[in-house]
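Novice: Sharing input.pdb here; it has PDB, C-alpha atoms.
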MODEL        1
ATOM      1  CA  MET A   1     -90.275 -77.204-167.048  1.00  0.00           C
ATOM      2  CA  ARG A   2     -92.015 -76.324-163.774  1.00  0.00           C
ATOM      3  CA  ARG A   3     -90.169 -73.011-163.669  1.00  0.00           C
ATOM      4  CA  ARG A   4     -91.256 -72.181-167.224  1.00  0.00           C
ATOM      5  CA  HIS A   5     -94.900 -72.955-166.310  1.00  0.00           C
ATOM      6  CA  LEU A   6     -94.630 -70.764-163.208  1.00  0.00           C
ATOM      7  CA  ILE A   7     -93.235 -67.854-165.241  1.00  0.00           C
ATOM      8  CA  THR A   8     -95.921 -68.271-167.903  1.00  0.00           C
ATOM      9  CA  THR A   9     -98.676 -68.335-165.278  1.00  0.00           C
ATOM     10  CA  ALA A  10     -97.255 -65.273-163.486  1.00  0.00           C
ATOM     11  CA  THR A  11     -96.943 -63.423-166.784  1.00  0.00           C
ATOM     12  CA  ALA A  12    -100.533 -64.274-167.728  1.00  0.00           C
ATOM     13  CA  ALA A  13    -101.825 -63.163-164.312  1.00  0.00           C
ATOM     14  CA  ALA A  14     -99.913 -59.887-164.576  1.00  0.00           C
ATOM     15  CA  ALA A  15    -101.327 -59.291-168.047  1.00  0.00           C
ATOM     16  CA  MET A  16    -104.860 -59.908-166.770  1.00  0.00           C
ATOM     17  CA  LEU A  17    -104.371 -57.456-163.908  1.00  0.00           C
ATOM     18  CA  LEU A  18    -103.020 -54.793-166.237  1.00  0.00           C
ATOM     19  CA  ALA A  19    -105.918 -55.354-168.607  1.00  0.00           C
ATOM     20  CA  GLY A  20    -108.458 -55.084-165.809  1.00  0.00           C
ATOM     21  CA  CYS A  21    -109.495 -58.697-166.232  1.00  0.00           C
ATOM     22  CA  ALA A  22    -108.444 -60.031-162.866  1.00  0.00           C
ATOM     23  CA  PRO A  23    -110.729 -62.673-161.512  1.00  0.00           C
ATOM     24  CA  SER A  24    -113.153 -61.192-158.989  1.00  0.00           C
ATOM     25  CA  SER A  25    -113.497 -62.321-155.454  1.00  0.00           C
ATOM     26  CA  PRO A  26    -116.705 -64.017-154.294  1.00  0.00           C
ATOM     27  CA  GLU A  27    -117.593 -60.788-152.422  1.00  0.00           C
ATOM     28  CA  ALA A  28    -117.341 -58.639-155.565  1.00  0.00           C
ATOM     29  CA  ILE A  29    -120.522 -57.196-157.007  1.00  0.00           C
ATOM     30  CA  ASP A  30    -121.017 -57.409-160.756  1.00  0.00           C
ATOM     31  CA  ALA A  31    -121.069 -53.983-162.378  1.00  0.00           C
ATOM     32  CA  VAL A  32    -124.233 -53.205-164.315  1.00  0.00           C
ATOM     33  CA  ALA A  33    -124.333 -50.508-166.957  1.00  0.00           C
ATOM     34  CA  ILE A  34    -126.655 -47.630-166.126  1.00  0.00           C
ATOM     35  CA  THR A  35    -128.926 -47.260-169.117  1.00  0.00           C
ATOM     36  CA  GLU A  36    -131.737 -45.043-167.895  1.00  0.00           C
ATOM     37  CA  GLU A  37    -131.339 -41.297-167.619  1.00  0.00           C
ATOM     38  CA  ARG A  38    -132.002 -39.652-164.294  1.00  0.00           C
ATOM     39  CA  ALA A  39    -134.652 -36.986-164.361  1.00  0.00           C
ATOM     40  CA  GLU A  40    -133.282 -33.716-163.031  1.00  0.00           C
ATOM     41  CA  ASP A  41    -135.450 -31.707-160.689  1.00  0.00           C
ATOM     42  CA  PRO A  42    -136.134 -28.311-162.214  1.00  0.00           C
ATOM     43  CA  VAL A  43    -134.392 -25.424-160.490  1.00  0.00           C
ATOM     44  CA  ILE A  44    -137.056 -23.104-159.080  1.00  0.00           C
ATOM     45  CA  PRO A  45    -136.386 -19.680-157.529  1.00  0.00           C
ATOM     46  CA  THR A  46    -136.621 -19.779-153.746  1.00  0.00           C
ATOM     47  CA  GLY A  47    -137.160 -16.129-152.853  1.00  0.00           C
ATOM     48  CA  PRO A  48    -140.334 -14.573-151.508  1.00  0.00           C
ATOM     49  CA  GLY A  49    -141.544 -13.433-154.920  1.00  0.00           C
ATOM     50  CA  GLY A  50    -143.284 -10.235-155.842  1.00  0.00           C
ATOM     51  CA  SER A  51    -145.957  -8.849-158.096  1.00  0.00           C
ATOM     52  CA  PHE A  52    -146.098  -6.550-161.065  1.00  0.00           C
ATOM     53  CA  SER A  53    -148.580  -5.369-163.634  1.00  0.00           C
ATOM     54  CA  ILE A  54    -148.463  -4.080-167.173  1.00  0.00           C
ATOM     55  CA  VAL A  55    -150.919  -2.629-169.669  1.00  0.00           C
ATOM     56  CA  ALA A  56    -150.951  -4.031-173.208  1.00  0.00           C
ATOM     57  CA  PHE A  57    -152.463  -2.105-176.086  1.00  0.00           C
ATOM     58  CA  ASP A  58    -152.474  -2.498-179.862  1.00  0.00           C
ATOM     59  CA  LEU A  59    -149.365  -2.849-180.394  1.00  0.00           C
ATOM     60  CA  GLY A  60    -147.333  -2.000-177.323  1.00  0.00           C
ATOM     61  CA  PHE A  61    -146.883  -2.121-173.558  1.00  0.00           C
ATOM     62  CA  ARG A  62    -147.039   0.671-170.951  1.00  0.00           C
ATOM     63  CA  ASP A  63    -147.319   1.285-167.228  1.00  0.00           C
ATOM     64  CA  LEU A  64    -145.021  -1.470-165.940  1.00  0.00           C
ATOM     65  CA  GLU A  65    -145.426  -1.234-162.146  1.00  0.00           C
ATOM     66  CA  GLY A  66    -144.687  -3.253-159.030  1.00  0.00           C
ATOM     67  CA  GLN A  67    -141.760  -5.222-157.637  1.00  0.00           C
ATOM     68  CA  ALA A  68    -140.323  -8.221-159.463  1.00  0.00           C
ATOM     69  CA  ILE A  69    -138.495 -10.328-156.849  1.00  0.00           C
ATOM     70  CA  ASP A  70    -136.826 -13.743-156.960  1.00  0.00           C
ATOM     71  CA  GLY A  71    -139.488 -16.422-156.566  1.00  0.00           C
ATOM     72  CA  PRO A  72    -143.126 -16.691-157.641  1.00  0.00           C
ATOM     73  CA  ASN A  73    -144.328 -13.419-159.141  1.00  0.00           C
ATOM     74  CA  GLU A  74    -147.995 -12.583-159.557  1.00  0.00           C
ATOM     75  CA  VAL A  75    -148.252 -10.997-163.003  1.00  0.00           C
ATOM     76  CA  THR A  76    -151.280  -8.955-164.061  1.00  0.00           C
ATOM     77  CA  ILE A  77    -151.788  -7.983-167.692  1.00  0.00           C
ATOM     78  CA  GLU A  78    -154.501  -5.454-168.471  1.00  0.00           C
ATOM     79  CA  ASN A  79    -155.323  -5.613-172.156  1.00  0.00           C
ATOM     80  CA  ALA A  80    -156.516  -2.174-173.244  1.00  0.00           C
ATOM     81  CA  GLY A  81    -156.477  -3.259-176.893  1.00  0.00           C
ATOM     82  CA  ASP A  82    -158.901  -5.199-179.043  1.00  0.00           C
ATOM     83  CA  ALA A  83    -156.614  -8.100-179.980  1.00  0.00           C
ATOM     84  CA  GLU A  84    -155.377 -10.875-177.708  1.00  0.00           C
ATOM     85  CA  HIS A  85    -152.031 -10.088-176.009  1.00  0.00           C
ATOM     86  CA  ASN A  86    -149.720 -11.749-173.521  1.00  0.00           C
ATOM     87  CA  ILE A  87    -146.583 -11.101-171.559  1.00  0.00           C
ATOM     88  CA  ARG A  88    -144.057 -13.881-172.107  1.00  0.00           C
ATOM     89  CA  ILE A  89    -140.663 -14.356-170.411  1.00  0.00           C
ATOM     90  CA  ASP A  90    -138.721 -17.246-171.929  1.00  0.00           C
ATOM     91  CA  GLN A  91    -136.295 -17.500-168.981  1.00  0.00           C
ATOM     92  CA  ALA A  92    -139.069 -18.059-166.420  1.00  0.00           C
ATOM     93  CA  ALA A  93    -138.593 -21.286-164.461  1.00  0.00           C
ATOM     94  CA  GLY A  94    -141.092 -24.112-164.668  1.00  0.00           C
ATOM     95  CA  ASP A  95    -143.675 -24.737-167.342  1.00  0.00           C
ATOM     96  CA  ASN A  96    -145.544 -21.412-167.279  1.00  0.00           C
ATOM     97  CA  LEU A  97    -143.819 -18.772-169.413  1.00  0.00           C
ATOM     98  CA  LYS A  98    -146.664 -16.313-170.053  1.00  0.00           C
ATOM     99  CA  VAL A  99    -149.902 -14.692-168.948  1.00  0.00           C
ATOM    100  CA  THR A 100    -152.519 -14.037-171.652  1.00  0.00           C
ATOM    101  CA  ALA A 101    -155.522 -11.676-171.822  1.00  0.00           C
ATOM    102  CA  LEU A 102    -158.138 -11.291-174.527  1.00  0.00           C
ATOM    103  CA  GLY A 103    -159.022  -7.815-175.777  1.00  0.00           C
ATOM    104  CA  GLY A 104    -160.530  -5.660-173.006  1.00  0.00           C
ATOM    105  CA  GLU A 105    -159.749  -8.226-170.294  1.00  0.00           C
ATOM    106  CA  THR A 106    -157.410  -8.294-167.311  1.00  0.00           C
ATOM    107  CA  GLN A 107    -155.753 -11.578-166.371  1.00  0.00           C
ATOM    108  CA  THR A 108    -153.435 -12.581-163.535  1.00  0.00           C
ATOM    109  CA  GLY A 109    -151.019 -15.493-163.499  1.00  0.00           C
ATOM    110  CA  GLU A 110    -147.768 -16.569-161.899  1.00  0.00           C
ATOM    111  CA  LEU A 111    -144.255 -16.664-163.315  1.00  0.00           C
ATOM    112  CA  GLN A 112    -141.269 -18.109-161.436  1.00  0.00           C
ATOM    113  CA  LEU A 113    -138.404 -15.638-161.902  1.00  0.00           C
ATOM    114  CA  PHE A 114    -134.823 -15.617-160.708  1.00  0.00           C
ATOM    115  CA  GLY A 115    -133.428 -12.416-159.239  1.00  0.00           C
ATOM    116  CA  GLN A 116    -130.060 -11.281-157.986  1.00  0.00           C
ATOM    117  CA  PRO A 117    -128.620  -8.426-155.938  1.00  0.00           C
ATOM    118  CA  GLY A 118    -128.566  -5.357-158.166  1.00  0.00           C
ATOM    119  CA  GLY A 119    -131.179  -6.925-160.424  1.00  0.00           C
ATOM    120  CA  LEU A 120    -131.292  -9.430-163.264  1.00  0.00           C
ATOM    121  CA  GLU A 121    -132.686  -8.179-166.572  1.00  0.00           C
ATOM    122  CA  TYR A 122    -135.251 -10.174-168.545  1.00  0.00           C
ATOM    123  CA  VAL A 123    -136.788  -9.506-171.932  1.00  0.00           C
ATOM    124  CA  TYR A 124    -140.564  -9.812-172.022  1.00  0.00           C
ATOM    125  CA  TYR A 125    -142.698  -9.729-175.139  1.00  0.00           C
ATOM    126  CA  CYS A 126    -146.044 -10.646-176.666  1.00  0.00           C
ATOM    127  CA  ASP A 127    -145.704 -13.928-178.558  1.00  0.00           C
ATOM    128  CA  ILE A 128    -148.799 -13.476-180.754  1.00  0.00           C
ATOM    129  CA  PRO A 129    -147.429 -13.695-184.340  1.00  0.00           C
ATOM    130  CA  GLY A 130    -146.250 -10.279-185.547  1.00  0.00           C
ATOM    131  CA  HIS A 131    -146.748  -8.461-182.221  1.00  0.00           C
ATOM    132  CA  ARG A 132    -143.141  -8.619-181.008  1.00  0.00           C
ATOM    133  CA  ALA A 133    -141.850  -7.476-184.382  1.00  0.00           C
ATOM    134  CA  ALA A 134    -144.302  -4.551-184.188  1.00  0.00           C
ATOM    135  CA  GLY A 135    -142.753  -3.403-180.899  1.00  0.00           C
ATOM    136  CA  MET A 136    -144.415  -5.404-178.118  1.00  0.00           C
ATOM    137  CA  GLU A 137    -141.200  -6.035-176.211  1.00  0.00           C
ATOM    138  CA  GLY A 138    -139.486  -4.570-173.178  1.00  0.00           C
ATOM    139  CA  THR A 139    -137.203  -5.292-170.242  1.00  0.00           C
ATOM    140  CA  LEU A 140    -137.990  -6.270-166.668  1.00  0.00           C
ATOM    141  CA  ILE A 141    -135.514  -6.205-163.787  1.00  0.00           C
ATOM    142  CA  VAL A 142    -135.903  -8.904-161.119  1.00  0.00           C
ATOM    143  CA  TYR A 143    -134.239  -8.362-157.729  1.00  0.00           C
ATOM    144  CA  ALA A 144    -133.056 -10.828-155.078  1.00  0.00           C
ATOM    145  CA  ASP A 145    -135.216  -9.333-152.328  1.00  0.00           C
ATOM    146  CA  GLU A 146    -137.646  -6.540-151.442  1.00  0.00           C
ATOM    147  CA  ALA A 147    -134.901  -4.177-150.268  1.00  0.00           C
ATOM    148  CA  GLY A 148    -133.158  -4.355-153.636  1.00  0.00           C
ATOM    149  CA  ALA A 149    -136.428  -3.966-155.507  1.00  0.00           C
ATOM    150  CA  ALA A 150    -137.304  -0.866-153.479  1.00  0.00           C
ATOM    151  CA  GLU A 151    -133.996   0.753-154.443  1.00  0.00           C
ATOM    152  CA  GLY A 152    -134.032   0.050-158.154  1.00  0.00           C
ATOM    153  CA  PRO A 153    -136.366   0.448-161.123  1.00  0.00           C
ATOM    154  CA  ILE A 154    -138.532  -2.420-162.303  1.00  0.00           C
ATOM    155  CA  GLY A 155    -137.308  -1.674-165.818  1.00  0.00           C
ATOM    156  CA  PRO A 156    -138.082   0.413-168.858  1.00  0.00           C
ATOM    157  CA  THR A 157    -140.980  -0.567-171.078  1.00  0.00           C
ATOM    158  CA  GLU A 158    -139.222   0.528-174.269  1.00  0.00           C
ATOM    159  CA  PRO A 159    -138.101  -2.183-176.682  1.00  0.00           C
ATOM    160  CA  ALA A 160    -134.881  -3.904-175.587  1.00  0.00           C
ATOM    161  CA  ALA A 161    -131.766  -3.197-177.651  1.00  0.00           C
TER     162      ALA A 161
ENDMDL
END
What is this file in structure tokens?

Specialist:
Amino acid sequence: MRRRHLITTATAAAAMLLAGCAPSSPEAIDAVAITEERAEDPVIPTGPGGSFSIVAFDLGFRDLEGQAIDGPNEVTIENAGDAEHNIRIDQAAGDNLKVTALGGETQTGELQLFGQPGGLEYVYYCDIPGHRAAGMEGTLIVYADEAGAAEGPIGPTEPAA
């Protein structure tokens, strides 16, 4: 009888171990389910940044000039038209995606842009309803550093394909 009890106890203990239900030691810490999500820090470009400018008119862009470089970029939009216009880049890091100017005004703002050696192409556009569809769209090339920006174009201002 004692042998049968010993076998039954050993079998039960083995089953508990296999099931992950082994009794814990006094030093064991109880596991607690993690229920709150961890906020991720936004990824922000770390380069030196650059500056560029563009002229908006009714209904297009012209005269894209400057150097777009990884990091914070000072963006100037001169609005030569009568209607409000902006330059928006959806892939910009952080909360600010555009710089806006009322008709006849010039405004400057900052966009955080990622660059890479050889350049990284972004689509920019005016997000005022109907303006992008009318042709207010183009491409901007952002470089990893000043040397790369000096060697390559900032990008065409024609509509992106």

Novice: Selected by the PyMOL selection byres ((chain A and resi 111) around 12) in the shown coordinates: which residues, as an MDAnalysis selection string?

Specialist: chainID A and resid 44:45 49:52 68:76 87:99 108:110 112:114 124 142

Novice: Can you tell me how far atom CA of Ala149 of chain A sits from atom CA of Gly66 of chain A, in Å to one decimal?

Specialist: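 Computed distance, atom CA of Ala149 of chain A to atom CA of Gly66 of chain A, equals 9.0 Å.
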
Novice: May I ask which of the residues A:Ala56, A:Tyr125, A:Glu151, A:Pro117 is the closest one to Gly104 of chain A, counting all atoms listed in the file?

Specialist: A:Ala56

Novice: Enter the distance from atom CA of Arg132 of chain A to atom CA of Val55 of chain A, in Å, rounded to one decimal.

Specialist: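 Between these atoms lies a distance of 15.0 Å.
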
Novice: Using all atoms listed in the file, pick whichever of A:Ala147, A:Ile154, A:Ala83, A:Ala101 has the shortest atom-to-atom distance to His131 of chain A.

Specialist: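 The shortest atom-to-atom distance to His131 of chain A comes from A:Ala83.
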
Novice: Compare A:Leu64, A:Ile54, A:Leu59, A:Ile77 by their minimum atom-to-atom distance to Ile128 of chain A, counting only C-alpha atoms, and give me the closest one.

Specialist: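 Among the listed residues, the smallest separation from Ile128 of chain A belongs to A:Leu59.
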
Novice: Out of A:Ala134, A:Ala150, A:Cys126, A:Leu120, which residue has the shortest atom-to-atom distance to Thr100 of chain A when counting all atoms listed in the file?

Specialist: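 The shortest atom-to-atom distance to Thr100 of chain A comes from A:Cys126.
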
Novice: Distance atom CA of Asp82 of chain A-atom CA of Thr139 of chain A, one decimal place?

Specialist: 23.4 Å

Novice: Can you tell me, as a short mmCIF file (atom, residue, chain, number, x, y, z; two decimals) with C-alpha atoms, in the frame of the given file, what residues are no more than 7 Å from Gly119 of chain A when counting only C-alpha atoms, ignoring any on the same chain fewer than 6 positions away?

Specialist:
data_model
loop_
_atom_site.label_atom_id
_atom_site.label_comp_id
_atom_site.auth_asym_id
_atom_site.auth_seq_id
_atom_site.Cartn_x
_atom_site.Cartn_y
_atom_site.Cartn_z
CA ILE A 141 -135.51 -6.20 -163.79
CA VAL A 142 -135.90 -8.90 -161.12
CA TYR A 143 -134.24 -8.36 -157.73
CA ALA A 144 -133.06 -10.83 -155.08
#

Novice: Nearest residue to Glu84 of chain A out of A:Pro153, A:Pro42, A:Pro129, A:Gly115, using all atoms listed in the file?

Specialist: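 The closest residue to Glu84 of chain A is A:Pro129.
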
Novice: I'd like to see the residues matched by the PyMOL selection byres ((chain A and resi 105) around 8) on this file, and ideally I'd get them as JSON, numbers by chain.

Specialist: {"A": [78, 79, 80, 101, 102, 103, 104, 106, 107]}

Novice: Which residue, A:Val123, A:Leu140, A:Gly130, A:Gln116, has the smallest gap to Ser53 of chain A when you use only C-alpha atoms?

Specialist: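 Answer, going by the shortest atom-to-atom distance: A:Leu140.
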
Novice: Around all listed atoms of segment 94-98 of chain A, padded 4 Å per side, what centre and edge lengths does the axis-aligned box have in Å to one decimal, as JSON?

Specialist:
{"center_x": -143.9, "center_y": -20.5, "center_z": -167.4, "size_x": 13.6, "size_y": 16.4, "size_z": 13.4}
